[in-house]
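Data first, discussion second: the structure below is written as structure tokens.
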Amino acid sequence: MKITANSSTIDFRSTKVIIKDWMYNLKIIPYEEVTKIEYCYRSGFEGGYIDFHNEYNKYDRFEFGQKQNQDIKKIINILSNKFPEIDIVKTDVEDMPFYSRNIFILIITLFFPLIGIILIWCTGKRTVKRKLIFTLAVIIIDAFRAYVVFTIYMNRMNEAMNMINDSMQYFY
């Protein structure tokens, strides 16, 4: 069964899983190397994912949207019946701590960008690509925000200096 989501594709075969990402990089994961499958359905602001862990606890992730929840559910049922030796763990959004949820990180980043960046890197549910994109976006937005604040400050200082100069002309 093949599922396409977010420019990526996952293909469940009888002996392996093939994940093709948005840059057409292929990851071939034989089921005999998988020790644990961890998944979370997409809901609200939280993204859906399925992780295939190996014996060294390294994992390959496939992220999917809300439309693919039912397909993932079918695949999980098939895999749990076909491979009972693989530990399959469902993560619920409600069980996640509040500080690792996307909406909290987004809100905290608006007011405290550095704390938002730290949270995005410390909570382990995102890929490195997403962490880098988020970090670069926050840096660019915050640099623009600092530039705007500095420009406003300099304009106000120039206005104040002009007012002082104008008032000094009355005395001299």
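Ordering of the structure tokens sets the chain letters (A, B, ...), residue numbers begin anew at 1 in every chain, and ligands are numbered from 1 in the order given.
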Could you give me, as a PyMOL selection string, each residue of segment 22-67 of chain A that DSSP assigns to strand (DSSP E or B) when run on this structure's backbone?
-> chain A and resi 26-30+36-40+43+46+48-53+59-64
Please return as a ChimeraX atom specification: the residues of segment 65-100 of chain A that backbone DSSP assigns to alpha helix (DSSP H).
-> /A:69-82
Quick one, how far is atom CA of Tyr99 of chain A from atom CA of Arg126 of chain A?
->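 About the pair atom CA of Tyr99 of chain A and atom CA of Arg126 of chain A: they are 13.7 Å apart.
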Selection: 6 Å around Lys16 of chain A, only C-alpha atoms, excl. self and same-chain fewer than 2 positions, as a list in words =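 The filter keeps Arg13, Ile29, Pro30 and Tyr31 of chain A.
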Just the selected residues (C-alpha atoms), exported as a PDB file, in the first residue's frame, please.
```
ATOM      1  CA  ARG A  13       5.661  -3.867   0.961  1.00  0.00           C
ATOM      2  CA  ILE A  29      13.659  -0.254   5.917  1.00  0.00           C
ATOM      3  CA  PRO A  30      13.372  -4.046   6.114  1.00  0.00           C
ATOM      4  CA  TYR A  31      10.848  -5.188   8.729  1.00  0.00           C
TER       5      TYR A  31
END
```
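Between atom CA of Ser8 of chain A and atom CA of Arg61 of chain A the separation is 10.7 Å.
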Neighbours of Thr9 of chain A within 7 Å (only C-alpha atoms; same-chain residues fewer than 4 positions away dropped), as number ranges by chain?
-> A: 2-5, 19-21
When you draw a straight line from atom CA of Ser14 of chain A to atom CA of Gln66 of chain A, how long is it in Å?
->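 Here the two named atoms are 25.2 Å from each other.
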Pick the closest to Thr91 of chain A from A:Asp51, A:Asp71, A:Glu159, A:Glu32: which is it, counting only C-alpha atoms?
-> A:Asp51
Do a neighbour search on Gln70 of chain A at 12 Å with only C-alpha atoms, toss out local chain neighbours closer than 4 positions, and write the hits as a PDB file with C-alpha atoms, in the first residue's frame.
```pdb
ATOM      1  CA  ILE A   3       0.534   6.655   0.870  1.00  0.00           C
ATOM      2  CA  CYS A  40       0.660   9.661  16.193  1.00  0.00           C
ATOM      3  CA  TYR A  41      -2.381  10.678  14.189  1.00  0.00           C
ATOM      4  CA  ARG A  42      -2.627  14.222  12.897  1.00  0.00           C
ATOM      5  CA  GLY A  48       0.918  13.049  12.230  1.00  0.00           C
ATOM      6  CA  PHE A  64       1.413  12.766   7.123  1.00  0.00           C
ATOM      7  CA  GLY A  65      -1.682  14.951   7.183  1.00  0.00           C
ATOM      8  CA  GLN A  66      -5.204  14.464   8.463  1.00  0.00           C
ATOM      9  CA  LYS A  74      -5.266   0.364   8.256  1.00  0.00           C
ATOM     10  CA  ILE A  75      -1.507  -0.105   7.877  1.00  0.00           C
ATOM     11  CA  ILE A  76      -0.981  -0.251  11.645  1.00  0.00           C
ATOM     12  CA  ASN A  77      -3.645  -2.963  11.930  1.00  0.00           C
TER      13      ASN A  77
END
```
A:Phe52, A:Tyr153, A:Phe45, A:Phe144 ranked by distance to Leu79 of chain A, top pick (using only C-alpha atoms) =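 Of A:Phe52, A:Tyr153, A:Phe45, A:Phe144, the one nearest Leu79 of chain A is A:Phe52, counting only C-alpha atoms.
Minimum distance to Ile72 of chain A across A:Asn165, A:Leu114, A:Ile37, A:Trp121 (counting only C-alpha atoms) occurs at A:Ile37.
Residue nearest Phe134 of chain A within the list A:Asn102, A:Ile18, A:Ile117, A:Pro97: A:Ile117 [criterion: smallest interatomic distance, only C-alpha atoms].
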Selection near Ile141 of chain A, 12 Å with only C-alpha atoms, sequence-local residues under 6 positions removed, as number ranges by chain = A: 109-110, 113, 134-135, 147-148
